[in-house]
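For reference, structure_17.cif is printed below; it contains mmCIF, C-alpha atoms.
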```
data_entry
#
loop_
_atom_site.label_atom_id
_atom_site.label_comp_id
_atom_site.auth_asym_id
_atom_site.auth_seq_id
_atom_site.Cartn_x
_atom_site.Cartn_y
_atom_site.Cartn_z
CA MET A 1 -61.48 78.93 148.56
CA GLU A 2 -57.97 78.50 149.91
CA THR A 3 -55.46 80.93 148.42
CA ASN A 4 -53.19 78.10 147.33
CA ASP A 5 -56.12 76.51 145.47
CA LEU A 6 -56.76 79.86 143.81
CA ILE A 7 -53.13 80.08 142.70
CA ARG A 8 -53.41 76.55 141.28
CA ARG A 9 -56.50 77.54 139.32
CA LEU A 10 -55.02 80.81 138.10
CA THR A 11 -51.93 78.95 136.97
CA ALA A 12 -54.07 76.45 135.08
CA ALA A 13 -55.82 79.37 133.35
CA ALA A 14 -52.54 81.05 132.38
CA THR A 15 -52.95 81.14 128.63
CA PRO A 16 -50.64 83.44 126.64
CA VAL A 17 -51.92 87.02 126.49
CA ASP A 18 -51.44 89.74 123.89
CA ARG A 19 -49.68 92.61 125.64
CA LEU A 20 -51.46 95.92 125.29
CA PRO A 21 -49.60 98.34 123.01
CA PRO A 22 -48.53 101.68 124.57
CA PRO A 23 -51.35 104.21 125.15
CA SER A 24 -50.15 106.47 122.32
CA LYS A 25 -50.33 103.61 119.85
CA ARG A 26 -53.77 102.58 121.11
CA ALA A 27 -55.00 106.17 120.74
CA GLY A 28 -53.74 105.99 117.15
CA TYR A 29 -55.60 102.73 116.54
CA TRP A 30 -58.76 104.27 118.00
CA MET A 31 -58.45 107.29 115.72
CA ALA A 32 -57.91 104.98 112.76
CA ALA A 33 -61.18 103.22 113.56
CA ALA A 34 -63.15 106.32 114.60
CA LEU A 35 -62.29 108.78 111.83
CA PRO A 36 -63.63 106.73 108.90
CA ALA A 37 -66.89 106.21 110.87
CA VAL A 38 -67.21 109.97 111.45
CA ALA A 39 -66.36 110.69 107.81
CA LEU A 40 -68.99 108.17 106.67
CA VAL A 41 -71.73 109.84 108.73
CA VAL A 42 -70.70 113.30 107.47
CA MET A 43 -70.79 112.05 103.86
CA LEU A 44 -74.15 110.32 104.36
CA VAL A 45 -75.74 113.43 105.87
CA SER A 46 -73.86 115.50 103.27
CA PRO A 47 -71.41 118.22 104.28
CA ARG A 48 -72.61 121.82 104.61
CA ASP A 49 -72.60 123.91 101.45
CA ASP A 50 -70.32 126.58 102.85
CA LEU A 51 -67.74 124.16 104.27
CA ALA A 52 -64.87 125.33 102.06
CA MET A 53 -65.52 128.92 103.06
CA LYS A 54 -65.89 128.06 106.75
CA LEU A 55 -62.57 126.25 106.77
CA MET A 56 -60.92 129.49 105.80
CA GLU A 57 -62.39 131.25 108.84
CA SER A 58 -59.90 131.31 111.68
CA ARG A 59 -62.53 130.97 114.43
CA PHE A 60 -64.09 127.89 112.81
CA ALA A 61 -60.63 126.38 112.17
CA ILE A 62 -59.51 127.02 115.78
CA GLU A 63 -62.67 125.51 117.24
CA GLN A 64 -62.45 122.45 114.99
CA ALA A 65 -58.75 122.01 115.75
CA ALA A 66 -59.43 122.36 119.48
CA ALA A 67 -62.24 119.77 119.34
CA PHE A 68 -60.00 117.39 117.40
CA LEU A 69 -57.06 117.87 119.79
CA THR A 70 -59.40 117.39 122.76
CA ALA A 71 -60.48 114.06 121.26
CA ILE A 72 -56.87 112.92 120.77
CA ALA A 73 -55.73 114.06 124.24
CA ALA A 74 -58.74 112.54 125.99
CA ALA A 75 -58.32 109.22 124.16
CA PHE A 76 -54.63 109.07 125.05
CA ALA A 77 -55.38 109.92 128.71
CA ALA A 78 -58.12 107.27 128.89
CA PHE A 79 -55.81 104.57 127.49
CA TYR A 80 -53.07 105.72 129.85
CA LEU A 81 -55.27 105.43 132.95
CA ILE A 82 -56.10 101.75 132.39
CA VAL A 83 -52.46 100.74 132.76
CA PRO A 84 -51.55 100.15 136.44
CA GLY A 85 -48.68 102.15 137.85
CA ARG A 86 -49.15 105.17 135.59
CA SER A 87 -49.75 108.67 136.88
CA VAL A 88 -53.34 109.84 137.18
CA TRP A 89 -52.24 113.40 136.35
CA VAL A 90 -52.31 112.55 132.68
CA ALA A 91 -56.07 113.00 133.00
CA ALA A 92 -55.37 116.75 132.86
CA LEU A 93 -53.97 116.45 129.34
CA PRO A 94 -57.22 117.41 127.53
CA ILE A 95 -57.55 120.60 129.59
CA PRO A 96 -55.43 122.88 127.29
CA PRO A 97 -57.31 122.06 124.04
CA LEU A 98 -60.59 122.11 125.96
CA ALA A 99 -59.71 125.53 127.36
CA LEU A 100 -58.80 126.77 123.87
CA TRP A 101 -62.15 125.50 122.54
CA LEU A 102 -64.05 127.12 125.39
CA ALA A 103 -62.07 130.37 125.06
CA SER A 104 -62.83 130.62 121.35
CA LEU A 105 -66.53 130.05 121.99
CA GLY A 106 -66.49 132.53 124.89
CA ASP A 107 -64.81 135.13 122.72
CA GLY A 108 -67.46 134.59 120.04
CA CYS A 109 -70.22 135.05 122.62
CA LEU A 110 -68.65 138.25 123.91
CA ARG A 111 -68.33 139.72 120.43
CA ALA A 112 -71.94 138.81 119.62
CA TRP A 113 -73.11 140.38 122.87
CA LEU A 114 -71.30 143.62 122.09
CA GLN A 115 -72.80 143.68 118.60
CA PRO A 116 -76.00 145.73 118.47
CA GLY A 117 -79.18 144.78 116.63
CA ALA A 118 -80.38 141.46 115.20
CA ASP A 119 -76.82 140.15 114.76
CA GLY A 120 -76.26 140.22 118.54
CA LEU A 121 -76.49 137.40 121.05
CA ARG A 122 -79.29 135.06 120.01
CA PHE A 123 -80.53 131.96 121.74
CA TYR A 124 -83.16 129.43 120.72
CA PRO A 125 -83.57 125.66 121.14
CA ASP A 126 -81.46 123.49 118.85
CA TRP A 127 -82.38 120.03 120.06
CA ILE A 128 -80.74 118.26 117.14
CA CYS A 129 -77.23 118.78 118.56
CA LEU A 130 -77.32 116.15 121.31
CA PRO A 131 -78.66 113.26 119.18
CA ALA A 132 -76.47 114.32 116.23
CA ILE A 133 -73.30 114.30 118.36
CA ALA A 134 -74.36 110.96 119.82
CA LEU A 135 -74.94 109.60 116.31
CA VAL A 136 -71.62 110.81 114.88
CA GLY A 137 -69.76 109.71 118.01
CA PHE A 138 -71.53 106.35 118.34
CA VAL A 139 -68.97 104.15 116.58
CA PRO A 140 -66.00 105.97 118.20
CA ALA A 141 -67.69 105.51 121.60
CA VAL A 142 -68.34 101.80 121.11
CA VAL A 143 -64.77 101.20 119.90
CA MET A 144 -63.49 103.23 122.85
CA VAL A 145 -65.43 101.19 125.43
CA LEU A 146 -64.31 97.91 123.86
CA MET A 147 -60.68 99.04 123.91
CA LEU A 148 -60.87 100.36 127.47
CA ARG A 149 -62.33 97.09 128.71
CA ARG A 150 -59.07 95.36 127.83
CA GLY A 151 -57.29 97.37 130.50
CA ALA A 152 -57.39 97.55 134.29
CA PRO A 153 -60.36 99.58 135.59
CA LEU A 154 -58.41 101.47 138.24
CA ALA A 155 -60.37 104.73 137.90
CA PRO A 156 -63.52 103.74 135.99
CA HIS A 157 -65.41 107.04 136.35
CA LEU A 158 -62.52 109.24 135.27
CA THR A 159 -61.54 106.84 132.50
CA MET A 160 -65.07 106.69 131.10
CA ALA A 161 -65.43 110.48 131.32
CA LEU A 162 -62.26 110.86 129.24
CA GLY A 163 -63.28 108.13 126.80
CA ALA A 164 -66.69 109.74 126.29
CA LEU A 165 -65.09 113.17 125.98
CA ALA A 166 -62.90 111.82 123.18
CA ALA A 167 -65.86 110.29 121.34
CA ALA A 168 -68.17 113.29 121.88
CA ALA A 169 -65.50 115.82 120.88
CA LEU A 170 -64.95 113.86 117.69
CA GLY A 171 -68.74 113.70 117.26
CA ASN A 172 -68.94 117.47 117.59
CA PHE A 173 -66.05 117.85 115.15
CA GLY A 174 -68.08 115.84 112.64
CA LEU A 175 -71.33 117.63 113.45
CA ARG A 176 -69.93 121.04 112.57
CA LEU A 177 -68.99 119.75 109.13
CA PHE A 178 -72.66 119.27 108.22
CA HIS A 179 -74.72 121.29 110.73
CA GLN A 180 -74.99 124.99 109.88
CA GLN A 181 -74.92 126.43 113.36
CA ASP A 182 -72.09 128.85 114.01
CA ALA A 183 -73.49 131.28 116.58
CA SER A 184 -71.02 130.95 119.45
CA LEU A 185 -73.65 130.94 122.19
CA MET A 186 -75.62 128.22 120.40
CA VAL A 187 -72.48 126.15 119.82
CA LEU A 188 -71.43 126.69 123.43
CA ILE A 189 -74.74 125.65 124.94
CA TRP A 190 -76.07 123.03 122.55
CA GLN A 191 -72.89 121.48 121.19
CA PHE A 192 -70.30 121.98 123.94
CA GLY A 193 -73.09 121.36 126.45
CA SER A 194 -73.95 118.08 124.75
CA VAL A 195 -70.30 117.00 124.87
CA ALA A 196 -70.16 117.84 128.59
CA LEU A 197 -73.46 116.02 129.23
CA ILE A 198 -72.33 112.89 127.39
CA SER A 199 -69.06 112.86 129.34
CA ALA A 200 -70.89 113.32 132.64
CA LEU A 201 -73.34 110.51 131.87
CA ALA A 202 -70.51 108.19 130.87
CA SER A 203 -68.61 109.04 134.03
CA TRP A 204 -71.71 108.33 136.10
CA ASN A 205 -71.94 104.88 134.51
CA GLY A 206 -68.19 104.31 134.64
CA ALA A 207 -68.24 101.48 137.15
CA ARG A 208 -70.96 99.66 135.20
CA LEU A 209 -69.01 99.80 131.95
CA LEU A 210 -65.56 99.26 133.39
CA ASN A 211 -65.14 96.92 136.32
CA TRP A 212 -62.86 94.12 137.29
CA GLY A 213 -65.51 91.54 136.42
CA LEU A 214 -63.38 89.11 138.34
CA ALA A 215 -65.29 85.88 137.89
CA ARG A 216 -66.39 86.52 134.30
CA ARG A 217 -63.05 87.49 132.84
CA ALA A 218 -60.88 85.01 134.70
CA GLY A 219 -63.33 82.15 134.25
CA LEU A 220 -62.93 81.51 137.95
CA PRO A 221 -65.29 81.64 140.91
CA ARG A 222 -65.23 84.93 142.77
CA PRO A 223 -62.90 84.62 145.75
CA MET B 224 -39.25 78.12 145.42
CA ARG B 225 -37.37 81.35 145.35
CA THR B 226 -37.77 83.58 148.42
CA MET B 227 -37.68 87.35 148.36
CA SER B 228 -35.35 89.29 150.60
CA ALA B 229 -37.86 92.01 151.43
CA ARG B 230 -36.75 94.19 154.31
CA ARG B 231 -39.48 96.77 154.07
CA GLU B 232 -43.09 96.74 153.02
CA ILE B 233 -43.39 97.23 149.32
CA ASP B 234 -46.54 99.28 149.40
CA ASP B 235 -44.46 102.39 149.88
CA THR B 236 -44.06 102.40 146.13
CA PRO B 237 -45.02 105.87 144.88
CA ALA B 238 -48.29 106.17 143.00
CA ALA B 239 -46.80 108.57 140.51
CA ASP B 240 -45.63 107.59 137.08
CA THR B 241 -42.92 105.01 137.30
CA GLY B 242 -41.28 105.20 133.98
CA GLY B 243 -37.72 106.08 135.01
CA GLY B 244 -35.34 105.74 137.94
CA SER B 245 -36.09 102.10 138.60
CA ALA B 246 -32.90 101.66 140.63
CA ALA B 247 -34.00 104.27 143.17
CA ARG B 248 -37.42 102.67 143.43
CA VAL B 249 -35.96 99.21 143.93
CA GLN B 250 -34.02 100.63 146.86
CA ALA B 251 -37.19 102.24 148.23
CA THR B 252 -39.15 98.99 148.11
CA GLY B 253 -36.45 97.09 149.92
CA HIS B 254 -35.81 94.71 147.04
CA SER B 255 -32.54 94.15 145.34
CA LYS B 256 -32.42 95.02 141.70
CA SER B 257 -32.03 91.35 140.83
CA ASP B 258 -35.22 90.50 142.77
CA ALA B 259 -37.16 93.15 140.86
CA GLU B 260 -35.74 91.96 137.55
CA ARG B 261 -36.56 88.38 138.48
CA LEU B 262 -40.21 89.31 139.15
CA SER B 263 -40.36 91.21 135.91
CA SER B 264 -38.91 88.24 134.06
CA LEU B 265 -41.37 85.82 135.69
CA MET B 266 -44.26 88.09 134.72
CA ARG B 267 -43.03 88.30 131.15
CA GLN B 268 -42.86 84.51 130.97
CA ALA B 269 -46.33 84.26 132.55
CA GLN B 270 -47.68 86.57 129.84
CA ASP B 271 -46.26 84.14 127.31
CA GLY B 272 -48.23 81.32 128.94
CA ASP B 273 -45.48 79.72 131.04
CA ALA B 274 -47.52 78.15 133.87
CA ALA B 275 -44.49 77.24 136.03
CA SER B 276 -43.19 80.82 136.00
CA TYR B 277 -46.65 82.14 136.74
CA ARG B 278 -47.04 79.81 139.70
CA GLU B 279 -43.63 80.82 141.02
CA LEU B 280 -44.51 84.48 140.61
CA LEU B 281 -47.84 84.22 142.43
CA THR B 282 -46.39 82.10 145.22
CA THR B 283 -43.53 84.56 145.64
CA LEU B 284 -45.91 87.51 145.75
CA LEU B 285 -48.30 85.94 148.25
CA PRO B 286 -46.44 86.83 151.50
CA LEU B 287 -45.74 90.32 150.17
CA LEU B 288 -49.40 90.91 149.35
CA ARG B 289 -50.45 89.58 152.75
CA ARG B 290 -48.14 92.07 154.42
CA VAL B 291 -49.44 94.92 152.28
CA VAL B 292 -53.07 94.09 153.06
CA ARG B 293 -52.37 93.57 156.75
CA ARG B 294 -50.61 96.90 156.94
CA ARG B 295 -53.35 98.80 155.15
CA CYS B 296 -56.28 97.02 156.80
CA GLY B 297 -54.86 96.49 160.27
CA ALA B 298 -58.08 95.88 162.20
CA MET B 299 -59.68 93.66 159.58
CA PRO B 300 -60.44 90.01 160.47
CA ALA B 301 -57.87 87.59 159.00
CA GLN B 302 -60.37 85.92 156.67
CA ASP B 303 -61.49 89.26 155.19
CA ALA B 304 -57.86 90.26 154.67
CA GLU B 305 -57.20 86.95 152.90
CA ASP B 306 -60.23 87.62 150.67
CA ILE B 307 -58.63 90.90 149.59
CA VAL B 308 -55.34 89.13 148.87
CA GLN B 309 -57.27 86.72 146.66
CA GLU B 310 -59.00 89.60 144.89
CA ILE B 311 -55.61 91.16 144.18
CA LEU B 312 -54.35 87.88 142.73
CA VAL B 313 -57.40 87.51 140.48
CA SER B 314 -57.14 91.16 139.43
CA LEU B 315 -53.46 90.66 138.61
CA HIS B 316 -54.52 87.69 136.49
CA ASN B 317 -57.18 89.70 134.67
CA ALA B 318 -54.91 92.68 134.07
CA ARG B 319 -51.77 90.78 133.13
CA ALA B 320 -52.00 91.92 129.50
CA THR B 321 -51.49 95.51 130.68
CA TYR B 322 -48.01 94.83 132.07
CA ASP B 323 -45.22 96.23 129.92
CA PRO B 324 -42.05 94.14 130.50
CA ALA B 325 -39.94 97.21 129.73
CA ARG B 326 -41.24 98.84 132.92
CA PRO B 327 -40.72 97.86 136.58
CA PHE B 328 -43.08 95.21 137.90
CA LEU B 329 -43.65 96.21 141.53
CA PRO B 330 -45.23 99.64 140.85
CA TRP B 331 -47.60 97.91 138.42
CA LEU B 332 -48.53 95.31 141.04
CA MET B 333 -48.88 97.84 143.85
CA ALA B 334 -51.23 100.02 141.79
CA ILE B 335 -53.54 97.01 141.49
CA ALA B 336 -53.13 96.13 145.18
CA ARG B 337 -53.91 99.68 146.32
CA ASN B 338 -56.97 99.77 144.08
CA ARG B 339 -58.36 96.49 145.39
CA VAL B 340 -57.69 97.45 149.01
CA ALA B 341 -59.46 100.78 148.43
CA ASP B 342 -62.40 98.96 146.81
CA ALA B 343 -62.62 96.66 149.81
CA ALA B 344 -62.54 99.64 152.18
CA ARG B 345 -65.34 101.34 150.23
CA ARG B 346 -67.40 98.13 150.33
CA SER B 347 -66.84 97.87 154.05
CA VAL B 348 -67.92 101.49 154.64
CA ARG B 349 -71.05 100.98 152.49
CA ARG B 350 -71.91 97.81 154.38
CA SER B 351 -71.41 99.37 157.79
CA ALA B 352 -73.54 102.37 156.75
CA HIS B 353 -76.50 100.01 156.41
CA GLU B 354 -75.87 98.15 159.64
CA VAL B 355 -76.80 99.19 163.15
CA ALA B 356 -74.64 97.92 165.98
CA VAL B 357 -76.88 96.52 168.70
CA GLU B 358 -75.35 95.42 171.95
CA ARG B 359 -78.45 93.67 173.26
CA PHE B 360 -81.91 93.10 171.93
CA ASP B 361 -84.66 94.55 174.06
CA GLU B 362 -86.76 91.85 175.70
CA THR B 363 -90.42 92.63 175.32
CA PHE B 364 -91.81 89.16 175.88
CA TRP B 365 -92.12 89.55 179.63
CA GLY B 366 -93.99 92.83 179.43
CA ALA B 367 -97.65 92.54 180.45
CA GLU B 368 -98.83 93.85 177.06
CA THR B 369 -96.67 91.56 174.98
CA TYR B 370 -96.62 88.36 177.00
CA THR B 371 -99.62 86.68 175.45
CA PRO B 372 -98.77 83.01 174.91
CA ALA B 373 -102.22 81.88 176.03
CA ASP B 374 -104.00 84.25 173.65
CA VAL B 375 -102.53 82.73 170.52
CA TYR B 376 -105.14 80.04 170.00
CA GLY B 377 -107.71 81.13 172.52
CA ASP B 378 -109.19 77.85 173.69
CA PRO B 379 -107.17 74.98 172.13
CA GLU B 380 -109.77 72.37 173.02
CA ALA B 381 -112.55 74.35 171.32
CA LEU B 382 -110.32 74.72 168.26
CA HIS B 383 -109.75 70.94 168.12
CA GLN B 384 -113.49 70.32 168.45
CA ALA B 385 -114.23 72.79 165.68
CA ILE B 386 -111.64 71.20 163.37
CA ARG B 387 -113.08 67.76 164.06
CA LYS B 388 -116.54 68.97 163.05
CA LEU B 389 -115.34 70.28 159.65
CA PRO B 390 -116.22 68.35 156.48
CA LYS B 391 -113.54 65.79 155.57
CA GLY B 392 -111.99 67.76 152.69
CA GLN B 393 -111.74 70.96 154.73
CA ARG B 394 -110.38 69.10 157.76
CA THR B 395 -107.70 67.44 155.65
CA ALA B 396 -106.74 70.78 154.09
CA ILE B 397 -106.43 72.46 157.50
CA GLU B 398 -104.41 69.58 158.93
CA MET B 399 -102.00 69.49 156.00
CA LEU B 400 -101.55 73.18 155.33
CA LYS B 401 -101.97 74.80 158.75
CA LEU B 402 -101.13 72.20 161.38
CA ARG B 403 -98.37 70.32 159.55
CA GLU B 404 -97.35 73.45 157.60
CA MET B 405 -96.99 71.56 154.33
CA SER B 406 -96.77 73.46 151.06
CA LEU B 407 -99.70 73.34 148.63
CA LYS B 408 -97.65 71.10 146.34
CA GLU B 409 -96.77 68.65 149.12
CA ALA B 410 -100.34 68.59 150.40
CA ALA B 411 -101.67 67.99 146.89
CA ALA B 412 -99.27 65.06 146.46
CA ALA B 413 -100.20 63.61 149.85
CA THR B 414 -103.98 63.90 149.46
CA SER B 415 -104.45 63.55 145.71
CA MET B 416 -106.46 66.80 145.83
CA SER B 417 -105.60 69.49 143.33
CA VAL B 418 -103.86 72.69 144.46
CA GLY B 419 -106.96 74.67 143.54
CA ALA B 420 -109.23 72.36 145.52
CA LEU B 421 -106.93 72.64 148.53
CA LYS B 422 -106.97 76.44 148.36
CA VAL B 423 -110.77 76.49 148.24
CA ALA B 424 -111.03 73.90 151.04
CA VAL B 425 -108.69 75.76 153.37
CA HIS B 426 -110.44 79.05 152.68
CA ARG B 427 -113.84 77.54 153.53
CA ALA B 428 -112.41 75.77 156.57
CA MET B 429 -111.01 79.03 157.96
CA LYS B 430 -114.35 80.71 157.42
CA ASN B 431 -116.16 77.88 159.23
CA LEU B 432 -113.67 77.91 162.09
CA ARG B 433 -114.02 81.65 162.55
CA ALA B 434 -117.80 81.22 162.68
CA ALA B 435 -117.57 78.30 165.12
CA LEU B 436 -115.15 80.02 167.49
CA GLY B 437 -116.93 83.37 167.41
#
```
Translate the structure of the given file into structure tokens.
Amino acid sequence: METNDLIRRLTAAATPVDRLPPPSKRAGYWMAAALPAVALVVMLVSPRDDLAMKLMESRFAIEQAAAFLTAIAAAFAAFYLIVPGRSVWVAALPIPPLALWLASLGDGCLRAWLQPGADGLRFYPDWICLPAIALVGFVPAVVMVLMLRRGAPLAPHLTMALGALAAAALGNFGLRLFHQQDASLMVLIWQFGSVALISALASWNGARLLNWGLARRAGLPRP
Amino acid sequence: MRTMSARREIDDTPAADTGGGSAARVQATGHSKSDAERLSSLMRQAQDGDAASYRELLTTLLPLLRRVVRRRCGAMPAQDAEDIVQEILVSLHNARATYDPARPFLPWLMAIARNRVADAARRSVRRSAHEVAVERFDETFWGAETYTPADVYGDPEALHQAIRKLPKGQRTAIEMLKLREMSLKEAAAATSMSVGALKVAVHRAMKNLRAALG
């Protein structure tokens, strides 16, 4: 196709578009859609009996706050990256809350290791974590992908990794409200590990989920 | 049509966040501030569905994009470079909702252009990784072991005799499917035999011919 013909066709397809709101606002919209879904799953599964007591524990509160902040930061960064001309360094934004989360879990592991006897470091399979995080984070993840697909897929792997990190961190936040597993090593491996695995898988499939889709989205033949 | 007074290539636009200092950037891209504002205004009108503004914008951007692509993909054939320019235009079209009129236009455009040029370079590398450059194909046909034109059918006259001696159905099947190289469907239409009957006939004919020719 001649380029001038393409311009003619693009011009003919120039319907009015809704401008994307700023990334911070979009992260807010995502949270508004994701949080009720997480709350619904937690209510359906029924929250843990000792939740009120756990919320008073500083370690539990720090880890939950870190997971929640990681979700917010990752969502903001993902929405930021799909706007052309913005800095890619914003992708580092979830690192501080993620580091805080990891540090709290690491500290818990160290204390358990130093503790003698049966209360020390224990490890056993807890296969429920991965599907449970995926279940709690399912609606946030779907909403995230749909929202990301409205942007420009400039860095699809990184964007999807951040989007999945946001959904999985929120999923883990919800999981800990009903799943009675507080041993730091178990949380680190089975829950944090599941979040990392989900993010890695999403990143791997980034280009499949986010791509220019030139012909499909423009309703035009591929140049 | 409005023409741009570009004095330098615009792909020097920094990749970093472009929220502030638009005046300095306009200087760096070689465009006057009014040019940059004009592009931004055209894009804003295009987002609102103004086809004339959109056409003016794309036509204005075309020579700039060609220069950017040519500069980044110097050795690329002209047609391939034009394909990338078209990809950038379509990508701009698809991503036009992401443009914020409060921000400068050129950094937004150049981020898309850089991305599409990089995609094209990756595609090119992938393609070339699966290709082997061959300057000349080795001729083997004149080698004593490979030059066997006379061995293909053995004795052609004996083959003709053997075909002639086949039952009518088998002879027709061989003529249609092997000598004239018709498809089963075409041969079935031409002979009013079914596809199944043709398959059986040609199978038996081949068996008979092998037996006849030793």
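Atom pair CA of Ala34 (chain A) / CA of Ala200 (chain A): separated by 20.8 Å.
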Within 12 Å of Leu51 (chain A) using only C-alpha atoms, minus same-chain residues under 6 positions, as a list in words: Val42, Glu57, Phe60, Ala61, Gly174, Leu175, Arg176, Leu177, Phe178, His179, Gln180, Gln181 and Asp182 of chain A
Writing out the chosen residues with C-alpha atoms as a short mmCIF file (atom, residue, chain, number, x, y, z; two decimals), in the frame of the given file:
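Okay, this is what ended up in out_29.cif:
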```cif
data_model
loop_
_atom_site.label_atom_id
_atom_site.label_comp_id
_atom_site.auth_asym_id
_atom_site.auth_seq_id
_atom_site.Cartn_x
_atom_site.Cartn_y
_atom_site.Cartn_z
CA VAL A 42 -70.70 113.30 107.47
CA GLU A 57 -62.39 131.25 108.84
CA PHE A 60 -64.09 127.89 112.81
CA ALA A 61 -60.63 126.38 112.17
CA GLY A 174 -68.08 115.84 112.64
CA LEU A 175 -71.33 117.63 113.45
CA ARG A 176 -69.93 121.04 112.57
CA LEU A 177 -68.99 119.75 109.13
CA PHE A 178 -72.66 119.27 108.22
CA HIS A 179 -74.72 121.29 110.73
CA GLN A 180 -74.99 124.99 109.88
CA GLN A 181 -74.92 126.43 113.36
CA ASP A 182 -72.09 128.85 114.01
#
```
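Checking B:Gln270, B:Ser351, B:Ser415, B:Ser276 one by one against chain A, counting all atoms listed in the file, you find the shortest gap at B:Gln270.
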With a cut-off of 6 Å, could you pull out the residues of chain B touching chain A and give me the nearest pair of atoms for each, distance in Å to one decimal, using only C-alpha atoms, ordered by chain and ascending number, as a tab-separated table?
```
residue	atom	partner	partner_atom	distance
B:Ala239	CA	A:Ser87	CA	4.7
B:Asp240	CA	A:Ser87	CA	4.3
B:Gln270	CA	A:Pro16	CA	5.4
B:Asp271	CA	A:Pro16	CA	4.5
B:Gly272	CA	A:Pro16	CA	3.9
B:Ala274	CA	A:Thr11	CA	5.4
B:Arg278	CA	A:Thr11	CA	5.7
B:Asn317	CA	A:Ala218	CA	6.0
B:Ala318	CA	A:Ala152	CA	5.5
B:Ala320	CA	A:Arg19	CA	4.6
B:Thr321	CA	A:Leu20	CA	5.4
B:Pro330	CA	A:Gly85	CA	5.2
B:Trp331	CA	A:Gly85	CA	4.4
B:Ala334	CA	A:Gly85	CA	5.2
```
- prompt: Care to translate the PyMOL selection byres ((chain A and resi 162) around 9) into actual residues of this file, as a list of chain:residue names?
  reply: A:Ala71, A:Ala73, A:Ala74, A:Ala75, A:Phe76, A:Ala77, A:Ala78, A:Ala91, A:Pro94, A:His157, A:Leu158, A:Thr159, A:Met160, A:Ala161, A:Gly163, A:Ala164, A:Leu165, A:Ala166, A:Ala167, A:Ser199, A:Ala202, A:Ser203
Ground truth for the PyMOL selection byres ((chain B and resi 299-308) around 8), written as a PDB file with C-alpha atoms, keeping the file's coordinate frame:
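Okay, this is what ended up in selection.pdb:
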```
ATOM      1  CA  THR A   3     -55.460  80.930 148.420  1.00  0.00           C
ATOM      2  CA  PRO A 223     -62.900  84.620 145.750  1.00  0.00           C
TER       3      PRO A 223
ATOM      4  CA  LEU B 285     -48.300  85.940 148.250  1.00  0.00           C
ATOM      5  CA  LEU B 288     -49.400  90.910 149.350  1.00  0.00           C
ATOM      6  CA  ARG B 289     -50.450  89.580 152.750  1.00  0.00           C
ATOM      7  CA  VAL B 292     -53.070  94.090 153.060  1.00  0.00           C
ATOM      8  CA  ARG B 293     -52.370  93.570 156.750  1.00  0.00           C
ATOM      9  CA  CYS B 296     -56.280  97.020 156.800  1.00  0.00           C
ATOM     10  CA  GLY B 297     -54.860  96.490 160.270  1.00  0.00           C
ATOM     11  CA  ALA B 298     -58.080  95.880 162.200  1.00  0.00           C
ATOM     12  CA  GLN B 309     -57.270  86.720 146.660  1.00  0.00           C
ATOM     13  CA  GLU B 310     -59.000  89.600 144.890  1.00  0.00           C
ATOM     14  CA  ILE B 311     -55.610  91.160 144.180  1.00  0.00           C
ATOM     15  CA  LEU B 312     -54.350  87.880 142.730  1.00  0.00           C
ATOM     16  CA  ARG B 339     -58.360  96.490 145.390  1.00  0.00           C
ATOM     17  CA  VAL B 340     -57.690  97.450 149.010  1.00  0.00           C
ATOM     18  CA  ALA B 343     -62.620  96.660 149.810  1.00  0.00           C
TER      19      ALA B 343
END
```
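Shortest atom-to-atom contact with Asp323 (chain B) among B:Arg337, B:Arg427, B:Arg433, B:Arg267: B:Arg267, counting all atoms listed in the file.
Proximity to Met405 (chain B) was assessed for B:Ile335, B:Leu421, B:Arg294, B:Met266 counting only C-alpha atoms; the smallest distance is recorded for B:Leu421.
From CA of Glu380 (chain B) back to CA of His426 (chain B), the distance works out to 21.4 Å.
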